[in-house]
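Visitor: Contents of input38.cif (mmCIF, C-alpha atoms):
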```
data_start
loop_
_atom_site.label_atom_id
_atom_site.label_comp_id
_atom_site.auth_asym_id
_atom_site.auth_seq_id
_atom_site.Cartn_x
_atom_site.Cartn_y
_atom_site.Cartn_z
CA MET J 1 -3.48 -10.45 42.23
CA ALA J 2 -2.75 -14.18 42.39
CA MET J 3 -3.76 -16.22 39.37
CA GLU J 4 -6.63 -18.62 39.96
CA PRO J 5 -5.70 -22.30 39.55
CA ALA J 6 -6.39 -23.63 36.07
CA ARG J 7 -9.94 -24.96 35.66
CA THR J 8 -10.55 -28.56 34.65
CA ALA J 9 -11.77 -29.23 31.12
CA ARG J 10 -15.15 -30.20 32.56
CA GLN J 11 -15.41 -26.88 34.40
CA ARG J 12 -14.43 -24.90 31.31
CA LYS J 13 -17.08 -26.67 29.28
CA GLN J 14 -19.68 -25.90 31.95
CA ASP J 15 -18.61 -22.25 32.09
CA THR J 16 -18.66 -22.01 28.29
CA LEU J 17 -22.15 -23.48 28.00
CA ALA J 18 -23.37 -21.15 30.77
CA GLN J 19 -21.95 -18.21 28.83
CA LEU J 20 -23.56 -19.36 25.57
CA GLU J 21 -26.93 -19.79 27.25
CA GLU J 22 -26.94 -16.09 28.15
CA HIS J 23 -27.09 -15.34 24.38
CA PRO J 24 -24.13 -13.02 24.69
CA ASP J 25 -22.70 -10.45 22.36
CA ALA J 26 -19.89 -11.96 20.34
CA TRP J 27 -16.98 -10.54 18.38
CA VAL J 28 -17.47 -11.88 14.87
CA ALA J 29 -14.34 -12.06 12.71
CA THR J 30 -14.74 -12.75 9.01
CA ALA J 31 -12.59 -12.29 5.94
CA ASP J 32 -13.21 -11.58 2.30
CA ALA J 33 -11.67 -13.48 -0.59
CA ASP J 34 -8.87 -10.89 -0.85
CA GLY J 35 -7.75 -11.61 2.69
CA ALA J 36 -9.14 -8.50 4.41
CA ALA J 37 -10.27 -9.23 7.94
CA HIS J 38 -13.43 -7.72 9.38
CA LEU J 39 -14.55 -7.63 13.02
CA VAL J 40 -17.82 -6.48 14.58
CA PRO J 41 -19.78 -7.13 17.77
CA LEU J 42 -23.11 -8.91 17.21
CA SER J 43 -25.78 -10.27 19.53
CA SER J 44 -26.00 -14.06 19.52
CA TYR J 45 -28.75 -16.55 20.26
CA TRP J 46 -27.58 -20.04 21.31
CA ASP J 47 -30.12 -22.71 20.35
CA GLY J 48 -28.28 -25.48 22.20
CA ALA J 49 -26.06 -26.45 19.30
CA ALA J 50 -25.28 -23.35 17.25
CA LEU J 51 -25.14 -19.55 17.50
CA LEU J 52 -27.55 -17.40 15.53
CA PHE J 53 -26.69 -13.88 14.39
CA ALA J 54 -28.59 -11.25 12.41
CA THR J 55 -26.90 -8.56 10.38
CA PRO J 56 -27.69 -6.61 7.22
CA GLU J 57 -27.27 -8.90 4.25
CA ARG J 58 -25.25 -6.22 2.43
CA SER J 59 -22.94 -5.43 5.36
CA ILE J 60 -19.31 -6.53 5.12
CA THR J 61 -19.92 -9.20 7.76
CA GLY J 62 -23.08 -10.44 6.01
CA ARG J 63 -21.30 -10.69 2.68
CA ASN J 64 -18.21 -12.36 4.17
CA LEU J 65 -20.29 -14.93 6.08
CA ALA J 66 -22.23 -15.80 2.94
CA ALA J 67 -19.17 -16.00 0.70
CA SER J 68 -16.76 -17.82 3.00
CA GLY J 69 -19.22 -19.90 4.99
CA ARG J 70 -16.95 -19.55 8.02
CA ALA J 71 -16.53 -17.36 11.07
CA ARG J 72 -14.30 -17.07 14.09
CA LEU J 73 -16.06 -15.79 17.18
CA ALA J 74 -14.97 -14.57 20.59
CA LEU J 75 -17.15 -14.33 23.67
CA GLY J 76 -16.39 -12.74 26.98
CA PRO J 77 -13.64 -10.38 28.07
CA THR J 78 -10.02 -10.90 26.97
CA ARG J 79 -9.13 -12.59 30.29
CA ASP J 80 -12.02 -15.07 30.16
CA VAL J 81 -11.87 -16.05 26.53
CA VAL J 82 -14.12 -18.36 24.58
CA LEU J 83 -13.01 -18.71 20.95
CA ILE J 84 -15.23 -20.50 18.48
CA GLU J 85 -14.60 -21.47 14.88
CA GLY J 86 -17.50 -22.67 12.87
CA ARG J 87 -19.29 -23.24 9.66
CA VAL J 88 -22.11 -20.86 8.72
CA GLN J 89 -25.60 -21.65 7.47
CA VAL J 90 -27.02 -18.55 5.77
CA PHE J 91 -30.70 -17.55 5.82
CA ALA J 92 -31.37 -14.84 3.26
CA PRO J 93 -33.97 -12.20 4.23
CA GLY J 94 -37.40 -13.82 4.49
CA THR J 95 -36.10 -17.38 4.76
CA VAL J 96 -35.21 -17.76 8.43
CA PRO J 97 -37.43 -20.30 10.23
CA ALA J 98 -39.63 -18.83 13.00
CA GLU J 99 -38.25 -21.44 15.41
CA LEU J 100 -34.93 -19.61 15.18
CA ALA J 101 -35.99 -16.00 14.60
CA ASP J 102 -38.68 -15.95 17.32
CA PRO J 103 -36.38 -16.84 20.24
CA PHE J 104 -33.73 -14.55 18.76
CA ALA J 105 -36.32 -11.74 18.78
CA GLU J 106 -37.21 -12.54 22.39
CA ALA J 107 -33.54 -12.45 23.43
CA HIS J 108 -32.62 -9.34 21.42
CA TRP J 109 -34.81 -7.70 18.78
CA ASP J 110 -36.74 -8.75 15.70
CA ALA J 111 -34.42 -8.17 12.76
CA ARG J 112 -37.22 -9.34 10.41
CA THR J 113 -38.93 -5.99 10.98
CA GLU J 114 -35.95 -3.90 9.89
CA LYS J 115 -36.32 -1.82 6.73
CA THR J 116 -32.80 -2.82 5.72
CA PRO J 117 -32.89 -6.51 4.69
CA TYR J 118 -31.26 -8.59 7.41
CA GLY J 119 -29.81 -12.04 6.91
CA TYR J 120 -29.64 -14.62 9.68
CA TYR J 121 -26.46 -16.65 10.11
CA LEU J 122 -26.28 -19.86 12.11
CA VAL J 123 -22.74 -20.73 13.19
CA ARG J 124 -22.23 -24.35 14.18
CA PRO J 125 -19.04 -24.67 16.27
CA GLU J 126 -16.35 -27.00 15.01
CA ARG J 127 -13.66 -25.81 17.37
CA ILE J 128 -14.04 -24.26 20.82
CA GLN J 129 -11.25 -23.03 23.06
CA ALA J 130 -11.57 -21.44 26.49
CA TRP J 131 -8.98 -19.91 28.79
CA ARG J 132 -8.59 -17.20 31.37
CA GLU J 133 -4.92 -16.64 32.10
CA VAL J 134 -1.66 -18.04 30.80
CA ASN J 135 -1.89 -21.11 33.06
CA GLU J 136 -5.00 -22.16 31.15
CA ILE J 137 -3.44 -22.00 27.67
CA LYS J 138 -2.55 -25.67 28.01
CA GLY J 139 -5.78 -27.60 27.78
CA ARG J 140 -7.69 -24.77 26.14
CA ASP J 141 -9.18 -27.01 23.44
CA LEU J 142 -12.71 -28.02 24.39
CA MET J 143 -14.06 -29.02 20.98
CA ILE J 144 -12.21 -30.24 17.88
CA ASP J 145 -13.89 -31.15 14.59
CA GLY J 146 -17.30 -30.55 16.12
CA GLU J 147 -16.78 -33.01 19.01
CA TRP J 148 -16.53 -32.00 22.66
CA LEU J 149 -13.35 -33.44 24.15
CA VAL J 150 -15.08 -33.83 27.54
CA MET V 1 -32.04 0.68 31.88
CA ALA V 2 -32.28 3.96 30.03
CA MET V 3 -29.75 4.52 27.28
CA GLU V 4 -27.22 7.23 27.99
CA PRO V 5 -27.38 10.19 25.60
CA ALA V 6 -25.00 9.88 22.67
CA ARG V 7 -21.55 11.28 23.40
CA THR V 8 -20.11 14.09 21.31
CA ALA V 9 -17.33 13.24 18.88
CA ARG V 10 -14.91 15.13 21.10
CA GLN V 11 -15.92 13.06 24.11
CA ARG V 12 -15.59 9.81 22.18
CA LYS V 13 -12.10 10.77 21.07
CA GLN V 14 -11.15 11.60 24.67
CA ASP V 15 -12.59 8.29 25.91
CA THR V 16 -10.81 6.39 23.14
CA LEU V 17 -7.44 7.98 23.88
CA ALA V 18 -7.94 7.29 27.60
CA GLN V 19 -8.64 3.65 26.79
CA LEU V 20 -5.57 3.39 24.52
CA GLU V 21 -3.34 4.92 27.18
CA GLU V 22 -4.19 2.06 29.52
CA HIS V 23 -2.39 -0.28 27.07
CA PRO V 24 -5.42 -2.54 26.96
CA ASP V 25 -5.90 -6.06 25.67
CA ALA V 26 -7.24 -5.95 22.13
CA TRP V 27 -9.05 -8.42 19.94
CA VAL V 28 -6.83 -8.74 16.88
CA ALA V 29 -8.54 -9.92 13.70
CA THR V 30 -6.39 -10.93 10.75
CA ALA V 31 -6.91 -12.97 7.61
CA ASP V 32 -4.75 -15.18 5.45
CA ALA V 33 -4.55 -14.96 1.66
CA ASP V 34 -7.19 -17.71 1.33
CA GLY V 35 -9.73 -15.60 3.19
CA ALA V 36 -9.68 -17.42 6.54
CA ALA V 37 -10.23 -15.05 9.44
CA HIS V 38 -8.32 -15.38 12.68
CA LEU V 39 -9.02 -13.68 16.01
CA VAL V 40 -7.03 -13.64 19.24
CA PRO V 41 -6.71 -11.39 22.29
CA LEU V 42 -3.32 -9.69 22.62
CA SER V 43 -1.89 -7.11 25.02
CA SER V 44 -1.25 -3.74 23.41
CA TYR V 45 1.13 -0.90 24.13
CA TRP V 46 0.05 2.54 22.84
CA ASP V 47 3.03 4.79 22.08
CA GLY V 48 0.90 7.86 21.41
CA ALA V 49 0.38 7.15 17.71
CA ALA V 50 0.28 3.39 17.19
CA LEU V 51 -0.40 0.11 19.02
CA LEU V 52 2.38 -2.39 19.59
CA PHE V 53 1.73 -6.13 19.92
CA ALA V 54 4.01 -9.11 20.45
CA THR V 55 3.14 -12.62 19.31
CA PRO V 56 5.07 -15.66 18.14
CA GLU V 57 6.39 -15.02 14.64
CA ARG V 58 5.12 -18.43 13.53
CA SER V 59 1.62 -18.10 15.04
CA ILE V 60 -1.32 -17.65 12.69
CA THR V 61 -1.69 -14.04 13.79
CA GLY V 62 2.05 -13.36 13.36
CA ARG V 63 2.05 -14.83 9.88
CA ASN V 64 -1.15 -13.05 8.84
CA LEU V 65 0.09 -9.67 10.11
CA ALA V 66 3.36 -10.07 8.21
CA ALA V 67 1.73 -11.27 4.99
CA SER V 68 -1.25 -8.89 4.82
CA GLY V 69 0.25 -5.87 6.55
CA ARG V 70 -3.19 -5.07 7.97
CA ALA V 71 -5.24 -5.72 11.09
CA ARG V 72 -8.62 -4.86 12.50
CA LEU V 73 -8.68 -4.41 16.26
CA ALA V 74 -11.37 -4.10 18.88
CA LEU V 75 -10.91 -2.67 22.36
CA GLY V 76 -13.30 -2.69 25.25
CA PRO V 77 -16.50 -4.60 25.86
CA THR V 78 -19.10 -5.07 23.12
CA ARG V 79 -21.21 -2.17 24.46
CA ASP V 80 -18.33 0.29 24.59
CA VAL V 81 -16.66 -0.48 21.33
CA VAL V 82 -13.52 0.96 19.83
CA LEU V 83 -12.75 -0.50 16.40
CA ILE V 84 -9.44 0.24 14.73
CA GLU V 85 -8.22 -0.59 11.26
CA GLY V 86 -4.58 -0.08 10.54
CA ARG V 87 -1.44 -0.82 8.66
CA VAL V 88 1.18 -3.03 10.31
CA GLN V 89 4.91 -2.47 10.62
CA VAL V 90 6.58 -5.82 11.39
CA PHE V 91 9.67 -6.25 13.57
CA ALA V 92 11.13 -9.72 13.12
CA PRO V 93 12.64 -11.30 16.27
CA GLY V 94 15.74 -9.37 17.33
CA THR V 95 14.89 -6.24 15.33
CA VAL V 96 12.44 -4.35 17.56
CA PRO V 97 13.85 -1.03 18.83
CA ALA V 98 14.34 -0.85 22.61
CA GLU V 99 12.32 2.39 22.66
CA LEU V 100 9.28 0.27 21.75
CA ALA V 101 10.03 -3.07 23.43
CA ASP V 102 11.13 -1.57 26.76
CA PRO V 103 7.88 0.26 27.54
CA PHE V 104 5.95 -2.74 26.20
CA ALA V 105 7.87 -4.93 28.69
CA GLU V 106 7.07 -2.50 31.48
CA ALA V 107 3.37 -2.53 30.64
CA HIS V 108 3.12 -6.31 30.04
CA TRP V 109 6.08 -8.67 29.79
CA ASP V 110 9.33 -8.89 27.86
CA ALA V 111 8.60 -11.01 24.80
CA ARG V 112 12.28 -10.71 23.79
CA THR V 113 13.12 -13.20 26.53
CA GLU V 114 10.76 -15.91 25.23
CA LYS V 115 12.32 -19.13 23.94
CA THR V 116 9.80 -19.10 21.07
CA PRO V 117 10.80 -16.28 18.68
CA TYR V 118 8.35 -13.41 19.06
CA GLY V 119 7.72 -10.75 16.46
CA TYR V 120 6.59 -7.23 17.33
CA TYR V 121 3.84 -5.61 15.29
CA LEU V 122 3.14 -1.90 15.29
CA VAL V 123 -0.36 -1.06 14.08
CA ARG V 124 -0.84 2.53 12.98
CA PRO V 125 -4.57 3.39 12.96
CA GLU V 126 -6.08 4.57 9.69
CA ARG V 127 -9.69 4.27 10.78
CA ILE V 128 -11.14 4.48 14.29
CA GLN V 129 -14.77 4.08 15.24
CA ALA V 130 -16.28 4.24 18.73
CA TRP V 131 -19.78 3.62 19.98
CA ARG V 132 -21.66 2.31 22.98
CA GLU V 133 -25.29 1.73 22.09
CA VAL V 134 -27.37 2.01 18.94
CA ASN V 135 -27.85 5.77 19.40
CA GLU V 136 -24.10 6.20 18.91
CA ILE V 137 -23.89 4.32 15.61
CA LYS V 138 -24.39 7.60 13.80
CA GLY V 139 -21.22 9.58 14.27
CA ARG V 140 -19.11 6.57 15.17
CA ASP V 141 -16.28 7.53 12.80
CA LEU V 142 -13.50 9.27 14.70
CA MET V 143 -10.64 8.77 12.27
CA ILE V 144 -10.66 8.25 8.50
CA ASP V 145 -7.54 7.77 6.35
CA GLY V 146 -5.35 8.32 9.40
CA GLU V 147 -6.87 11.73 10.23
CA TRP V 148 -8.89 12.45 13.36
CA LEU V 149 -12.21 14.05 12.39
CA VAL V 150 -12.19 16.10 15.61
#
```
Could you express the structure from this file as structure tokens?
Guide:
Amino acid sequence: MAMEPARTARQRKQDTLAQLEEHPDAWVATADADGAAHLVPLSSYWDGAALLFATPERSITGRNLAASGRARLALGPTRDVVLIEGRVQVFAPGTVPAELADPFAEAHWDARTEKTPYGYYLVRPERIQAWREVNEIKGRDLMIDGEWLV
Amino acid sequence: MAMEPARTARQRKQDTLAQLEEHPDAWVATADADGAAHLVPLSSYWDGAALLFATPERSITGRNLAASGRARLALGPTRDVVLIEGRVQVFAPGTVPAELADPFAEAHWDARTEKTPYGYYLVRPERIQAWREVNEIKGRDLMIDGEWLV
């Protein structure tokens, strides 16, 4: 199969925003202070500027997000990659604003009703990269230090 | 869409082995000693017992794999998850045995010919989990401490 021509930065940004607006599942990579990596799939809700996740506060991911304040996320299949690094705002159980948790519940499910206490975690992207095949590795940076490059 | 009935453990193991034998792309999560998580997609080669990856020795993933000796991997889409934790055997550039690098080259490409020095990283699974939807969360453990449960 022939490789598609590399997309422009503008097109990649458009594709990335379209993907975010579908509130996709994301691979969420976190690490603990001892340098052990963790990785789980979580449903996301994109509020236009940041990605919201819900996971049990006592889960490994919940604890790592709270302790490190950082996450690295991947969206999409491995040949249509969006990689996001960001800083995490943590909402302990009972503290998430309805303006975030309500649309999250509409997109996925209402984690506030779980018996297990769920935290909410808002990841604000600082770095975004997007590429499909090897010809798109060059130019994969779409956001650096929280600023879109296009 | 109705949820499929939960698969048996035997079926999940069969599906997981079938997926591994396709030498799939994997999401490779690693962490550095400061607790920063990293996540990239890499092509894998399954030799029947472990997954082989190739990545630049000086990349973040290469350095993290060498320093921590551990990785957490995900295969498949987020609704047909295989999660693997394992211990890493590192082959510095020029040291990978042909019996590993040759079939890797056949499945993907020959990283030994890259101008950038590539390391090879053999991840031997110690823990494997597989699930599709929420009804498969129970029973998702297929391997613990390097032993298949079925």
Visitor: Considering only C-alpha atoms, can you say which of J:Lys138, J:Arg63, J:Arg10, J:Arg132 comes closest to Leu75 (chain J)?
Guide: J:Arg132
Visitor: Rank V:His108, V:Lys13, V:His38, V:Lys115 by their smallest atom-to-atom distance to Arg72 (chain J), using all atoms listed in the file, and report the top residue only.
Guide: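 Closest to Arg72 (chain J) of all the choices is V:His38.
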Visitor: What would you get as a compact mmCIF listing (two decimals) with C-alpha atoms, in the frame of the given file if chain J were moved onto chain V by least squares over all of its C-alpha atoms in order?
Guide:
```txt
# COMPACT_ATOMS: atom_id res chain seq x y z
CA MET J 1 -31.98 0.62 31.92
CA ALA J 2 -32.25 3.91 30.03
CA MET J 3 -29.72 4.48 27.28
CA GLU J 4 -27.19 7.21 27.98
CA PRO J 5 -27.37 10.17 25.59
CA ALA J 6 -24.99 9.87 22.66
CA ARG J 7 -21.53 11.28 23.40
CA THR J 8 -20.10 14.09 21.29
CA ALA J 9 -17.31 13.24 18.86
CA ARG J 10 -14.89 15.14 21.10
CA GLN J 11 -15.92 13.06 24.11
CA ARG J 12 -15.58 9.80 22.19
CA LYS J 13 -12.10 10.77 21.07
CA GLN J 14 -11.15 11.59 24.66
CA ASP J 15 -12.59 8.29 25.91
CA THR J 16 -10.81 6.38 23.14
CA LEU J 17 -7.43 7.96 23.88
CA ALA J 18 -7.93 7.29 27.61
CA GLN J 19 -8.62 3.64 26.78
CA LEU J 20 -5.56 3.39 24.53
CA GLU J 21 -3.33 4.92 27.18
CA GLU J 22 -4.18 2.05 29.53
CA HIS J 23 -2.39 -0.29 27.06
CA PRO J 24 -5.40 -2.56 26.96
CA ASP J 25 -5.88 -6.05 25.67
CA ALA J 26 -7.23 -5.94 22.15
CA TRP J 27 -9.05 -8.42 19.93
CA VAL J 28 -6.83 -8.75 16.88
CA ALA J 29 -8.55 -9.93 13.70
CA THR J 30 -6.40 -10.93 10.75
CA ALA J 31 -6.92 -12.97 7.61
CA ASP J 32 -4.77 -15.16 5.44
CA ALA J 33 -4.56 -14.95 1.66
CA ASP J 34 -7.20 -17.69 1.32
CA GLY J 35 -9.74 -15.60 3.18
CA ALA J 36 -9.69 -17.42 6.54
CA ALA J 37 -10.25 -15.06 9.43
CA HIS J 38 -8.32 -15.38 12.68
CA LEU J 39 -9.04 -13.69 16.02
CA VAL J 40 -7.03 -13.63 19.24
CA PRO J 41 -6.71 -11.39 22.30
CA LEU J 42 -3.32 -9.67 22.62
CA SER J 43 -1.89 -7.12 25.02
CA SER J 44 -1.24 -3.74 23.42
CA TYR J 45 1.13 -0.88 24.14
CA TRP J 46 0.03 2.55 22.84
CA ASP J 47 3.02 4.78 22.09
CA GLY J 48 0.88 7.85 21.40
CA ALA J 49 0.39 7.15 17.72
CA ALA J 50 0.29 3.39 17.18
CA LEU J 51 -0.40 0.12 19.01
CA LEU J 52 2.37 -2.39 19.59
CA PHE J 53 1.72 -6.12 19.90
CA ALA J 54 4.00 -9.11 20.45
CA THR J 55 3.14 -12.61 19.32
CA PRO J 56 5.06 -15.66 18.15
CA GLU J 57 6.35 -15.01 14.66
CA ARG J 58 5.10 -18.44 13.53
CA SER J 59 1.62 -18.10 15.05
CA ILE J 60 -1.33 -17.65 12.69
CA THR J 61 -1.70 -14.03 13.79
CA GLY J 62 2.04 -13.35 13.37
CA ARG J 63 2.05 -14.83 9.88
CA ASN J 64 -1.16 -13.04 8.84
CA LEU J 65 0.09 -9.67 10.11
CA ALA J 66 3.35 -10.08 8.22
CA ALA J 67 1.73 -11.26 5.00
CA SER J 68 -1.24 -8.90 4.82
CA GLY J 69 0.25 -5.88 6.55
CA ARG J 70 -3.19 -5.09 7.97
CA ALA J 71 -5.24 -5.71 11.08
CA ARG J 72 -8.63 -4.88 12.49
CA LEU J 73 -8.67 -4.42 16.24
CA ALA J 74 -11.36 -4.10 18.88
CA LEU J 75 -10.90 -2.67 22.35
CA GLY J 76 -13.29 -2.68 25.24
CA PRO J 77 -16.50 -4.61 25.85
CA THR J 78 -19.10 -5.06 23.10
CA ARG J 79 -21.22 -2.18 24.46
CA ASP J 80 -18.33 0.30 24.60
CA VAL J 81 -16.66 -0.48 21.31
CA VAL J 82 -13.50 0.95 19.83
CA LEU J 83 -12.75 -0.50 16.39
CA ILE J 84 -9.44 0.24 14.73
CA GLU J 85 -8.21 -0.59 11.26
CA GLY J 86 -4.59 -0.09 10.53
CA ARG J 87 -1.46 -0.82 8.65
CA VAL J 88 1.17 -3.02 10.31
CA GLN J 89 4.90 -2.47 10.63
CA VAL J 90 6.57 -5.81 11.38
CA PHE J 91 9.66 -6.24 13.57
CA ALA J 92 11.11 -9.71 13.14
CA PRO J 93 12.63 -11.31 16.28
CA GLY J 94 15.71 -9.36 17.34
CA THR J 95 14.87 -6.24 15.35
CA VAL J 96 12.43 -4.36 17.57
CA PRO J 97 13.85 -1.04 18.83
CA ALA J 98 14.32 -0.84 22.63
CA GLU J 99 12.30 2.39 22.66
CA LEU J 100 9.27 0.28 21.76
CA ALA J 101 10.04 -3.06 23.43
CA ASP J 102 11.14 -1.56 26.78
CA PRO J 103 7.87 0.27 27.54
CA PHE J 104 5.96 -2.74 26.21
CA ALA J 105 7.89 -4.91 28.69
CA GLU J 106 7.09 -2.48 31.50
CA ALA J 107 3.37 -2.52 30.63
CA HIS J 108 3.13 -6.29 30.06
CA TRP J 109 6.08 -8.67 29.79
CA ASP J 110 9.33 -8.90 27.87
CA ALA J 111 8.59 -11.00 24.81
CA ARG J 112 12.27 -10.69 23.79
CA THR J 113 13.11 -13.20 26.52
CA GLU J 114 10.75 -15.89 25.24
CA LYS J 115 12.30 -19.11 23.93
CA THR J 116 9.79 -19.09 21.08
CA PRO J 117 10.79 -16.27 18.68
CA TYR J 118 8.35 -13.40 19.06
CA GLY J 119 7.72 -10.74 16.46
CA TYR J 120 6.59 -7.23 17.34
CA TYR J 121 3.84 -5.61 15.28
CA LEU J 122 3.13 -1.89 15.29
CA VAL J 123 -0.37 -1.05 14.08
CA ARG J 124 -0.85 2.54 12.97
CA PRO J 125 -4.58 3.39 12.94
CA GLU J 126 -6.08 4.57 9.69
CA ARG J 127 -9.68 4.26 10.77
CA ILE J 128 -11.13 4.48 14.28
CA GLN J 129 -14.76 4.07 15.25
CA ALA J 130 -16.26 4.24 18.73
CA TRP J 131 -19.79 3.61 19.97
CA ARG J 132 -21.65 2.32 22.97
CA GLU J 133 -25.27 1.73 22.07
CA VAL J 134 -27.37 2.00 18.94
CA ASN J 135 -27.85 5.76 19.40
CA GLU J 136 -24.11 6.20 18.91
CA ILE J 137 -23.88 4.31 15.60
CA LYS J 138 -24.38 7.61 13.80
CA GLY J 139 -21.21 9.60 14.26
CA ARG J 140 -19.11 6.58 15.16
CA ASP J 141 -16.28 7.52 12.79
CA LEU J 142 -13.50 9.26 14.70
CA MET J 143 -10.62 8.77 12.28
CA ILE J 144 -10.66 8.25 8.50
CA ASP J 145 -7.55 7.77 6.36
CA GLY J 146 -5.34 8.33 9.39
CA GLU J 147 -6.84 11.74 10.25
CA TRP J 148 -8.87 12.46 13.37
CA LEU J 149 -12.19 14.03 12.39
CA VAL J 150 -12.19 16.10 15.60
```
Visitor: Please enumerate the residues selected by the PyMOL selection byres ((chain V) within 7 of (chain J)) when evaluated against the supplied file, formatted as a list in words.
Guide: Asp25, Ala29, Thr30, Ala31, Asp32, Ala33, Asp34, Gly35, Ala36, Ala37, His38, Leu39, Pro41, Ala71, Arg72, Pro77 and Thr78 of chain V
Visitor: Pick out the closest residue to Asp15 (chain V) from this set: V:Glu136, V:Trp109, V:Val82, V:Pro103. Count all atoms listed in the file.
Guide: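 Residue with the minimum atom-to-atom distance to Asp15 (chain V): V:Val82.
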Visitor: Quick one: residues within 9 Å of Ile128 (chain V), all atoms listed in the file counted, chain neighbours fewer than 2 positions away excluded, as a list in words?
Guide: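 Selected residues are Val82, Leu83, Ile84, Glu85, Gly86, Pro125, Glu126, Ala130, Arg140, Asp141, Leu142, Met143, Ile144, Gly146 and Trp148 of chain V.
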Visitor: May I have the selected residues written with C-alpha atoms, as a CSV table (one decimal), keeping the file's coordinate frame?
Guide:
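Writing done, so here's part-v2.csv:
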```csv
chain,number,residue,atom,x,y,z
V,82,VAL,CA,-13.5,1.0,19.8
V,83,LEU,CA,-12.8,-0.5,16.4
V,84,ILE,CA,-9.4,0.2,14.7
V,85,GLU,CA,-8.2,-0.6,11.3
V,86,GLY,CA,-4.6,-0.1,10.5
V,125,PRO,CA,-4.6,3.4,13.0
V,126,GLU,CA,-6.1,4.6,9.7
V,130,ALA,CA,-16.3,4.2,18.7
V,140,ARG,CA,-19.1,6.6,15.2
V,141,ASP,CA,-16.3,7.5,12.8
V,142,LEU,CA,-13.5,9.3,14.7
V,143,MET,CA,-10.6,8.8,12.3
V,144,ILE,CA,-10.7,8.2,8.5
V,146,GLY,CA,-5.4,8.3,9.4
V,148,TRP,CA,-8.9,12.4,13.4
```
Visitor: From the list J:Glu147, J:Leu52, J:Thr95, J:Trp131, which residue is nearest Asp80 (chain J) when using only C-alpha atoms?
Guide: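 The closest residue to Asp80 (chain J) is J:Trp131.
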Visitor: Output the residue selection produced by the PyMOL selection byres ((chain V and resi 20) around 9) on the file above, formatted as a list in words.
Guide: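 Selection result, ordered by chain and number: Asp15, Thr16, Leu17, Ala18, Gln19, Glu21, Glu22, His23, Pro24, Ser44, Tyr45, Trp46, Gly48, Leu51 and Leu75 of chain V.
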Visitor: For CA of Val96 (chain V) and CA of Arg127 (chain V), determine how far apart the two atoms are, in Å to one decimal place.
Guide: 24.7 Å
